[in-house]
Structure formats: structure tokens, C-alpha cells
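Right, one structure below, let's go through it.
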Amino acid sequence: KRFGLQDKQSDLVETLSGGMRRRLQVARSLINQPKVLVLDEPTTGLDPEARRVLWEILAEERRRGLAILLSTHYMEEAERLCDRVAIIHKGLILACDSPQILIQKETGNA
């Protein structure tokens with residue numbers, strides 16, 4: 001229910017849309033209440049409403065103490081969900097700081 005999949009509980013995974021599969025992947029990863037969650041672009045392919053719901057769930061889990069390692073190309077997502085952001089290019093960390101400081105350094109905007 002938390003992920004908006006309750007009406008699909010009897011459906012085969014193969015019949016779900018890409019966005020529903022992505023939500024199911026995150027839901028399954030939280031079942032055992034991990035201490036660390038690693039997510040690779042969890043909102044890719046999600047519609048805006050599903051993205052917002054997933055952001056809320058991840059923020060809630062973070063407040064509960066879950067450590068989340070998140071890979072994303074979306075700075076808005078990093079800004080909403082992350083305490084620290086590392087910009088990585090070809091395996092090298094080019095910058096690492098809070099999202100706000102990185103934005104200010106890179107764009108001159110606060």
C-alpha cells in the first residue's frame with residue numbers, strides 16, 4: 001500500500017509497468033529493514049507523482065536512521081534526499097560536499 005501497488009498484488013511481476021517494477025524493487029529492498037540501502041537511479045522511469053511518493057518514503061526511512069547510498073543524475077533528487085553528494089567522473093571523485101554547498105560552488109547560486 002505504501003508504494004501504491006496494493007491493487008497489483010495478484011499480478012505477475014512481468015506484467016507490471018517499468019515504473020511499478022521500480023517501486024516494487026525498492027519496496028522489496030526495505031522488507032528486511034536493512035541498515036544500509038544502496039539504490040541506483042531509483043526514480044528513473046517514474047512519473048512525477050510516483051517519484052514524489054518514493055522521495056517521501058526514502059526521506060521517512062532516512063529519518064528512521066537508514067543509511068542510503070544513492071546514485072542519481074538528478075540534482076533535485078540529490079538535494080532532497082542527500083546529506084552529502086559526490087560528483088564522480090570516470091571513477092574519480094571531483095567534488096564532495098552538501099548539495100547546497102556544491103550548487104553554490106558550481107553555479108554561484110545559493
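Chain labels follow the order of the C-alpha cells: the first chain is A, the next B, and so on; residue numbering restarts at 1 in every chain, and ligands are counted from 1 in their shown order.
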
What are the closest atom pairs, with distances in Å to one decimal, for all residues of segment 72-109 of chain A lying within 10 Å of segment 32-45 of chain A? Consider only C-alpha atoms, order rows by chain and residue number, and present the result as CSV.
residue,atom,partner,partner_atom,distance
A:Thr72,CA,A:Glu41,CA,4.8
A:His73,CA,A:Glu41,CA,7.4
A:Tyr74,CA,A:Glu41,CA,8.7
A:Glu77,CA,A:Thr43,CA,8.8

Output for the residues just chosen: all heavy atoms as a PDB file, in the first residue's frame:
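Full text of again27.pdb as output:
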ATOM      1  N   THR A  72      22.412   8.941  -8.698  1.00  0.00           N
ATOM      2  CA  THR A  72      21.395   9.660  -9.463  1.00  0.00           C
ATOM      3  C   THR A  72      22.046  10.665 -10.392  1.00  0.00           C
ATOM      4  O   THR A  72      23.156  11.137 -10.136  1.00  0.00           O
ATOM      5  CB  THR A  72      20.388  10.373  -8.533  1.00  0.00           C
ATOM      6  OG1 THR A  72      19.373  10.979  -9.331  1.00  0.00           O
ATOM      7  CG2 THR A  72      21.040  11.426  -7.670  1.00  0.00           C
ATOM      8  N   HIS A  73      21.359  10.988 -11.459  1.00  0.00           N
ATOM      9  CA  HIS A  73      21.777  12.054 -12.365  1.00  0.00           C
ATOM     10  C   HIS A  73      20.975  13.327 -12.103  1.00  0.00           C
ATOM     11  O   HIS A  73      21.208  14.350 -12.726  1.00  0.00           O
ATOM     12  CB  HIS A  73      21.582  11.631 -13.834  1.00  0.00           C
ATOM     13  CG  HIS A  73      22.609  10.666 -14.294  1.00  0.00           C
ATOM     14  ND1 HIS A  73      22.412   9.303 -14.253  1.00  0.00           N
ATOM     15  CD2 HIS A  73      23.853  10.858 -14.788  1.00  0.00           C
ATOM     16  CE1 HIS A  73      23.497   8.704 -14.720  1.00  0.00           C
ATOM     17  NE2 HIS A  73      24.368   9.618 -15.050  1.00  0.00           N
ATOM     18  N   TYR A  74      20.013  13.243 -11.192  1.00  0.00           N
ATOM     19  CA  TYR A  74      19.111  14.365 -10.926  1.00  0.00           C
ATOM     20  C   TYR A  74      19.549  15.134  -9.684  1.00  0.00           C
ATOM     21  O   TYR A  74      19.446  14.628  -8.565  1.00  0.00           O
ATOM     22  CB  TYR A  74      17.679  13.861 -10.721  1.00  0.00           C
ATOM     23  CG  TYR A  74      17.131  13.059 -11.871  1.00  0.00           C
ATOM     24  CD1 TYR A  74      16.684  11.760 -11.678  1.00  0.00           C
ATOM     25  CD2 TYR A  74      17.047  13.597 -13.151  1.00  0.00           C
ATOM     26  CE1 TYR A  74      16.167  11.015 -12.738  1.00  0.00           C
ATOM     27  CE2 TYR A  74      16.533  12.862 -14.206  1.00  0.00           C
ATOM     28  CZ  TYR A  74      16.096  11.578 -13.995  1.00  0.00           C
ATOM     29  OH  TYR A  74      15.589  10.842 -15.033  1.00  0.00           O
ATOM     30  N   GLU A  77      16.923  15.535  -7.016  1.00  0.00           N
ATOM     31  CA  GLU A  77      16.763  14.344  -6.191  1.00  0.00           C
ATOM     32  C   GLU A  77      17.837  14.298  -5.107  1.00  0.00           C
ATOM     33  O   GLU A  77      17.548  14.047  -3.937  1.00  0.00           O
ATOM     34  CB  GLU A  77      16.847  13.109  -7.086  1.00  0.00           C
ATOM     35  CG  GLU A  77      16.568  11.820  -6.396  1.00  0.00           C
ATOM     36  CD  GLU A  77      16.315  10.720  -7.403  1.00  0.00           C
ATOM     37  OE1 GLU A  77      17.288  10.164  -7.947  1.00  0.00           O
ATOM     38  OE2 GLU A  77      15.131  10.439  -7.646  1.00  0.00           O
TER      39      GLU A  77
END

Next on the checklist: Could you pull out the helix (DSSP H, G or I) residues of chain A, going by DSSP on the backbone, and write them as a PyMOL selection string?
Outcome noted: chain A and resi 6-8+13-15+18-30+48-63+75-81+99-107

If you run DSSP on the backbone here, which positions in segment 18-97 of chain A get strand (DSSP E)? Please write them as an mmCIF file with N, CA, C and O atoms, in the first residue's frame.
data_model
loop_
_atom_site.group_PDB
_atom_site.id
_atom_site.type_symbol
_atom_site.label_atom_id
_atom_site.label_comp_id
_atom_site.auth_asym_id
_atom_site.auth_seq_id
_atom_site.Cartn_x
_atom_site.Cartn_y
_atom_site.Cartn_z
ATOM 1 N N VAL A 36 21.623 -0.346 5.750
ATOM 2 C CA VAL A 36 22.145 0.404 4.612
ATOM 3 C C VAL A 36 21.368 -0.017 3.378
ATOM 4 O O VAL A 36 21.136 -1.200 3.148
ATOM 5 N N LEU A 37 20.964 0.964 2.581
ATOM 6 C CA LEU A 37 20.238 0.706 1.352
ATOM 7 C C LEU A 37 21.012 1.338 0.199
ATOM 8 O O LEU A 37 21.340 2.523 0.252
ATOM 9 N N VAL A 38 21.324 0.544 -0.821
ATOM 10 C CA VAL A 38 22.037 1.043 -1.993
ATOM 11 C C VAL A 38 21.051 1.077 -3.153
ATOM 12 O O VAL A 38 20.470 0.056 -3.500
ATOM 13 N N LEU A 39 20.875 2.267 -3.732
ATOM 14 C CA LEU A 39 19.923 2.449 -4.826
ATOM 15 C C LEU A 39 20.618 3.078 -6.027
ATOM 16 O O LEU A 39 21.299 4.089 -5.897
ATOM 17 N N ASP A 40 20.424 2.488 -7.181
ATOM 18 C CA ASP A 40 20.988 3.008 -8.426
ATOM 19 C C ASP A 40 19.863 3.621 -9.251
ATOM 20 O O ASP A 40 19.048 2.906 -9.822
ATOM 21 N N ALA A 67 20.745 4.356 6.471
ATOM 22 C CA ALA A 67 21.778 4.967 5.634
ATOM 23 C C ALA A 67 21.481 4.602 4.183
ATOM 24 O O ALA A 67 21.260 3.431 3.866
ATOM 25 N N ILE A 68 21.441 5.602 3.312
ATOM 26 C CA ILE A 68 21.107 5.372 1.914
ATOM 27 C C ILE A 68 22.251 5.860 1.038
ATOM 28 O O ILE A 68 22.669 7.011 1.136
ATOM 29 N N LEU A 69 22.754 4.967 0.202
ATOM 30 C CA LEU A 69 23.741 5.316 -0.813
ATOM 31 C C LEU A 69 22.976 5.364 -2.128
ATOM 32 O O LEU A 69 22.425 4.356 -2.571
ATOM 33 N N LEU A 70 22.917 6.540 -2.725
ATOM 34 C CA LEU A 70 22.045 6.782 -3.871
ATOM 35 C C LEU A 70 22.861 7.250 -5.068
ATOM 36 O O LEU A 70 23.630 8.199 -4.969
ATOM 37 N N SER A 71 22.678 6.596 -6.184
ATOM 38 C CA SER A 71 23.269 7.036 -7.444
ATOM 39 C C SER A 71 22.162 7.709 -8.246
ATOM 40 O O SER A 71 21.084 7.138 -8.425
ATOM 41 N N VAL A 85 26.898 14.865 -1.223
ATOM 42 C CA VAL A 85 26.883 14.472 -2.622
ATOM 43 C C VAL A 85 28.317 14.407 -3.116
ATOM 44 O O VAL A 85 29.112 15.300 -2.837
ATOM 45 N N ALA A 86 28.624 13.350 -3.841
ATOM 46 C CA ALA A 86 29.929 13.250 -4.501
ATOM 47 C C ALA A 86 29.676 13.266 -6.003
ATOM 48 O O ALA A 86 28.838 12.528 -6.505
ATOM 49 N N ILE A 87 30.401 14.119 -6.691
ATOM 50 C CA ILE A 87 30.344 14.148 -8.148
ATOM 51 C C ILE A 87 31.495 13.285 -8.636
ATOM 52 O O ILE A 87 32.666 13.565 -8.339
ATOM 53 N N ILE A 88 31.151 12.225 -9.359
ATOM 54 C CA ILE A 88 32.138 11.240 -9.796
ATOM 55 C C ILE A 88 32.198 11.243 -11.314
ATOM 56 O O ILE A 88 31.172 11.216 -11.987
ATOM 57 N N HIS A 89 33.421 11.262 -11.843
ATOM 58 C CA HIS A 89 33.626 11.202 -13.289
ATOM 59 C C HIS A 89 34.759 10.216 -13.558
ATOM 60 O O HIS A 89 35.863 10.374 -13.043
ATOM 61 N N LEU A 92 36.623 8.886 -10.555
ATOM 62 C CA LEU A 92 37.292 9.829 -9.665
ATOM 63 C C LEU A 92 36.284 10.772 -9.026
ATOM 64 O O LEU A 92 35.402 11.296 -9.714
ATOM 65 N N ILE A 93 36.434 11.006 -7.728
ATOM 66 C CA ILE A 93 35.570 11.962 -7.045
ATOM 67 C C ILE A 93 36.106 13.357 -7.329
ATOM 68 O O ILE A 93 37.225 13.697 -6.933
ATOM 69 N N LEU A 94 35.309 14.152 -8.040
ATOM 70 C CA LEU A 94 35.709 15.506 -8.403
ATOM 71 C C LEU A 94 35.327 16.520 -7.334
ATOM 72 O O LEU A 94 35.993 17.544 -7.186
ATOM 73 N N ALA A 95 34.251 16.248 -6.618
ATOM 74 C CA ALA A 95 33.800 17.141 -5.561
ATOM 75 C C ALA A 95 32.924 16.346 -4.607
ATOM 76 O O ALA A 95 32.255 15.398 -5.004
ATOM 77 N N CYS A 96 32.951 16.747 -3.344
ATOM 78 C CA CYS A 96 32.117 16.082 -2.344
ATOM 79 C C CYS A 96 31.787 17.089 -1.250
ATOM 80 O O CYS A 96 32.690 17.677 -0.648
ATOM 81 N N ASP A 97 30.487 17.312 -1.047
ATOM 82 C CA ASP A 97 30.036 18.264 -0.033
ATOM 83 C C ASP A 97 28.525 18.134 0.099
ATOM 84 O O ASP A 97 27.914 17.276 -0.527
#
